[in-house]
Structure formats: structure tokens, C-alpha cells
>>> print(open('protein13.txt').read())   # compact mmCIF, C-alpha atoms
# COMPACT_ATOMS: atom_id res chain seq x y z
CA MET A 1 67.50 51.91 196.23
CA GLU A 2 65.39 50.12 193.71
CA ARG A 3 62.74 50.81 191.15
CA ILE A 4 59.58 48.85 190.53
CA GLU A 5 58.71 47.73 187.02
CA VAL A 6 55.27 46.35 186.22
CA ASN A 7 54.43 44.48 183.03
CA VAL A 8 50.97 45.84 182.24
CA GLN A 9 50.12 42.86 180.07
CA THR A 10 50.97 40.11 182.56
CA GLY A 11 50.82 42.04 185.83
CA GLU A 12 54.30 40.77 186.73
CA VAL A 13 56.09 43.04 189.20
CA GLN A 14 59.88 43.26 189.43
CA ASN A 15 62.05 45.14 191.89
CA ILE A 16 65.24 46.18 190.14
CA GLN A 17 68.27 47.52 192.00
CA LEU A 18 69.42 50.94 190.81
CA THR A 19 72.97 51.41 189.63
CA ALA A 20 75.25 53.78 191.51
CA ASP A 21 74.83 56.35 188.73
CA GLU A 22 71.03 56.11 188.95
CA VAL A 23 71.15 56.56 192.73
CA VAL A 24 73.34 59.67 192.39
CA ALA A 25 71.03 61.09 189.72
CA ALA A 26 67.93 60.44 191.83
CA GLN A 27 69.51 62.05 194.90
CA ALA A 28 70.56 65.10 192.88
CA GLN A 29 67.08 65.46 191.43
CA TYR A 30 65.53 65.21 194.89
CA ALA A 31 67.96 67.78 196.32
CA ALA A 32 67.09 70.18 193.48
CA TRP A 33 63.37 69.68 194.09
CA GLU A 34 63.83 70.18 197.83
CA SER A 35 65.70 73.47 197.38
CA GLU A 36 63.06 74.67 194.89
CA GLN A 37 60.36 73.95 197.47
CA ALA A 38 62.23 75.95 200.11
CA VAL A 39 62.53 78.94 197.78
CA ASN A 40 58.88 78.83 196.69
CA SER A 41 57.42 78.35 200.17
CA PRO A 42 57.09 81.68 201.93
CA VAL A 43 57.76 81.80 205.66
CA VAL A 44 54.58 82.68 207.51
CA ASP A 45 54.61 84.56 210.80
CA LEU A 46 51.86 82.64 212.55
CA GLN A 47 51.61 85.01 215.51
CA ALA A 48 51.06 87.97 213.18
CA GLU A 49 48.51 85.95 211.21
CA ILE A 50 46.63 85.07 214.40
CA ALA A 51 46.65 88.70 215.52
CA THR A 52 45.30 89.86 212.16
CA LEU A 53 42.54 87.24 212.14
CA THR A 54 41.61 88.01 215.73
CA SER A 55 41.24 91.69 214.84
CA GLU A 56 39.05 90.79 211.87
CA ILE A 57 36.87 88.54 214.04
CA ASN A 58 36.47 91.24 216.66
CA ALA A 59 35.51 93.79 213.98
CA LEU A 60 32.88 91.39 212.61
CA LYS A 61 31.51 90.78 216.10
CA LEU A 62 31.07 94.53 216.56
CA LYS A 63 29.19 94.74 213.27
CA VAL A 64 26.71 92.05 214.28
CA GLY A 65 26.38 93.33 217.83
CA GLN A 66 28.06 90.63 219.89
>>> encode(input="protein13.txt", output="C-alpha cells")
Amino acid sequence: MERIEVNVQTGEVQNIQLTADEVVAAQAQYAAWESEQAVNSPVVDLQAEIATLTSEINALKLKVGQ
């Protein structure tokens, strides 16, 4: 793994190899973020959602006379 450093005055770009400690820290941070995303993302039952929306569409069609 490496990080990119850019000198904003000269525009020089450097790729710098991460140390083993930096790699471990980055992987731990990513794992924490990933688990947070899993907790905060509700599981959606798509079949139930489709059934609900279909019912709503059919009710609207009845209202407008189709």
C-alpha cells in the first residue's frame, strides 16, 4: 500500500510506501467503517416492497378509472 503526496506549490507528486504500522492502522479503520455500514444499512425485503408498491399503483389506477 502507498499514499500519494502532492506538493501544492510545485505540483510534484510522490508515491510513498506505507509502513507496516500504517497498513495495519488503515486496515483496522476500514474494517471499523465496513462494520458500521453493515449496522446502519437496513435489510430491505424487496419482494414485500414490490408488493406494497404494486398495491399502491393499483389503488391509484382505480382512482383515475383505468
>>> residues_around(input="protein13.txt", residues="Glu2 of chain A", least_positions_apart="4", cutoff="10 Å", atoms="all atoms listed in the file", output="PyMOL selection string")
chain A and resi 14-19+22-23
>>> atom_distance(input="protein13.txt", atom1="atom CA of Ala25 of chain A", atom2="atom CA of Ile4 of chain A")
16.8 Å
>>> atom_distance(input="protein13.txt", atom1="atom CA of Gln29 of chain A", atom2="atom CA of Met1 of chain A")
14.4 Å
>>> atom_distance(input="protein13.txt", atom1="atom CA of Arg3 of chain A", atom2="atom CA of Ala26 of chain A")
11.0 Å
>>> decode(input="protein13.txt", residues="segment 5-53 of chain A", atoms="C-alpha atoms", output="PDB file, in the first residue's frame")
ATOM      1  CA  GLU A   5       1.609  13.209  -1.559  1.00  0.00           C
ATOM      2  CA  VAL A   6       1.256  16.279  -3.752  1.00  0.00           C
ATOM      3  CA  ASN A   7       3.260  19.462  -3.287  1.00  0.00           C
ATOM      4  CA  VAL A   8       0.640  22.121  -3.997  1.00  0.00           C
ATOM      5  CA  GLN A   9       3.268  24.729  -4.772  1.00  0.00           C
ATOM      6  CA  THR A  10       5.258  22.749  -7.341  1.00  0.00           C
ATOM      7  CA  GLY A  11       2.688  20.153  -8.386  1.00  0.00           C
ATOM      8  CA  GLU A  12       5.214  17.390  -7.675  1.00  0.00           C
ATOM      9  CA  VAL A  13       3.552  14.050  -6.951  1.00  0.00           C
ATOM     10  CA  GLN A  14       5.196  11.345  -4.845  1.00  0.00           C
ATOM     11  CA  ASN A  15       4.048   7.813  -4.110  1.00  0.00           C
ATOM     12  CA  ILE A  16       5.271   6.838  -0.660  1.00  0.00           C
ATOM     13  CA  GLN A  17       5.153   3.267   0.630  1.00  0.00           C
ATOM     14  CA  LEU A  18       3.250   2.863   3.892  1.00  0.00           C
ATOM     15  CA  THR A  19       4.964   1.321   6.874  1.00  0.00           C
ATOM     16  CA  ALA A  20       3.628  -1.931   8.300  1.00  0.00           C
ATOM     17  CA  ASP A  21       2.078   0.013  11.193  1.00  0.00           C
ATOM     18  CA  GLU A  22       0.318   2.395   8.789  1.00  0.00           C
ATOM     19  CA  VAL A  23      -1.037  -0.538   6.771  1.00  0.00           C
ATOM     20  CA  VAL A  24      -2.404  -2.202   9.922  1.00  0.00           C
ATOM     21  CA  ALA A  25      -3.983   1.070  11.053  1.00  0.00           C
ATOM     22  CA  ALA A  26      -5.583   1.662   7.644  1.00  0.00           C
ATOM     23  CA  GLN A  27      -6.965  -1.880   7.520  1.00  0.00           C
ATOM     24  CA  ALA A  28      -8.395  -1.556  11.037  1.00  0.00           C
ATOM     25  CA  GLN A  29     -10.011   1.759  10.172  1.00  0.00           C
ATOM     26  CA  TYR A  30     -11.542   0.272   7.021  1.00  0.00           C
ATOM     27  CA  ALA A  31     -12.844  -2.772   8.919  1.00  0.00           C
ATOM     28  CA  ALA A  32     -14.461  -0.472  11.503  1.00  0.00           C
ATOM     29  CA  TRP A  33     -16.069   1.611   8.759  1.00  0.00           C
ATOM     30  CA  GLU A  34     -17.286  -1.522   6.980  1.00  0.00           C
ATOM     31  CA  SER A  35     -18.936  -2.916  10.116  1.00  0.00           C
ATOM     32  CA  GLU A  36     -20.545   0.469  10.835  1.00  0.00           C
ATOM     33  CA  GLN A  37     -22.018   0.468   7.329  1.00  0.00           C
ATOM     34  CA  ALA A  38     -23.454  -3.012   7.847  1.00  0.00           C
ATOM     35  CA  VAL A  39     -25.123  -1.949  11.098  1.00  0.00           C
ATOM     36  CA  ASN A  40     -26.544   1.279   9.662  1.00  0.00           C
ATOM     37  CA  SER A  41     -27.839  -0.241   6.421  1.00  0.00           C
ATOM     38  CA  PRO A  42     -31.228  -1.823   6.979  1.00  0.00           C
ATOM     39  CA  VAL A  43     -32.034  -5.025   5.118  1.00  0.00           C
ATOM     40  CA  VAL A  44     -34.847  -4.424   2.669  1.00  0.00           C
ATOM     41  CA  ASP A  45     -37.294  -7.156   1.685  1.00  0.00           C
ATOM     42  CA  LEU A  46     -37.573  -6.333  -1.999  1.00  0.00           C
ATOM     43  CA  GLN A  47     -40.470  -8.699  -2.660  1.00  0.00           C
ATOM     44  CA  ALA A  48     -42.520  -7.074   0.090  1.00  0.00           C
ATOM     45  CA  GLU A  49     -41.588  -3.635  -1.231  1.00  0.00           C
ATOM     46  CA  ILE A  50     -42.687  -4.608  -4.747  1.00  0.00           C
ATOM     47  CA  ALA A  51     -45.971  -5.998  -3.431  1.00  0.00           C
ATOM     48  CA  THR A  52     -46.661  -2.807  -1.485  1.00  0.00           C
ATOM     49  CA  LEU A  53     -45.875  -0.571  -4.456  1.00  0.00           C
TER      50      LEU A  53
END
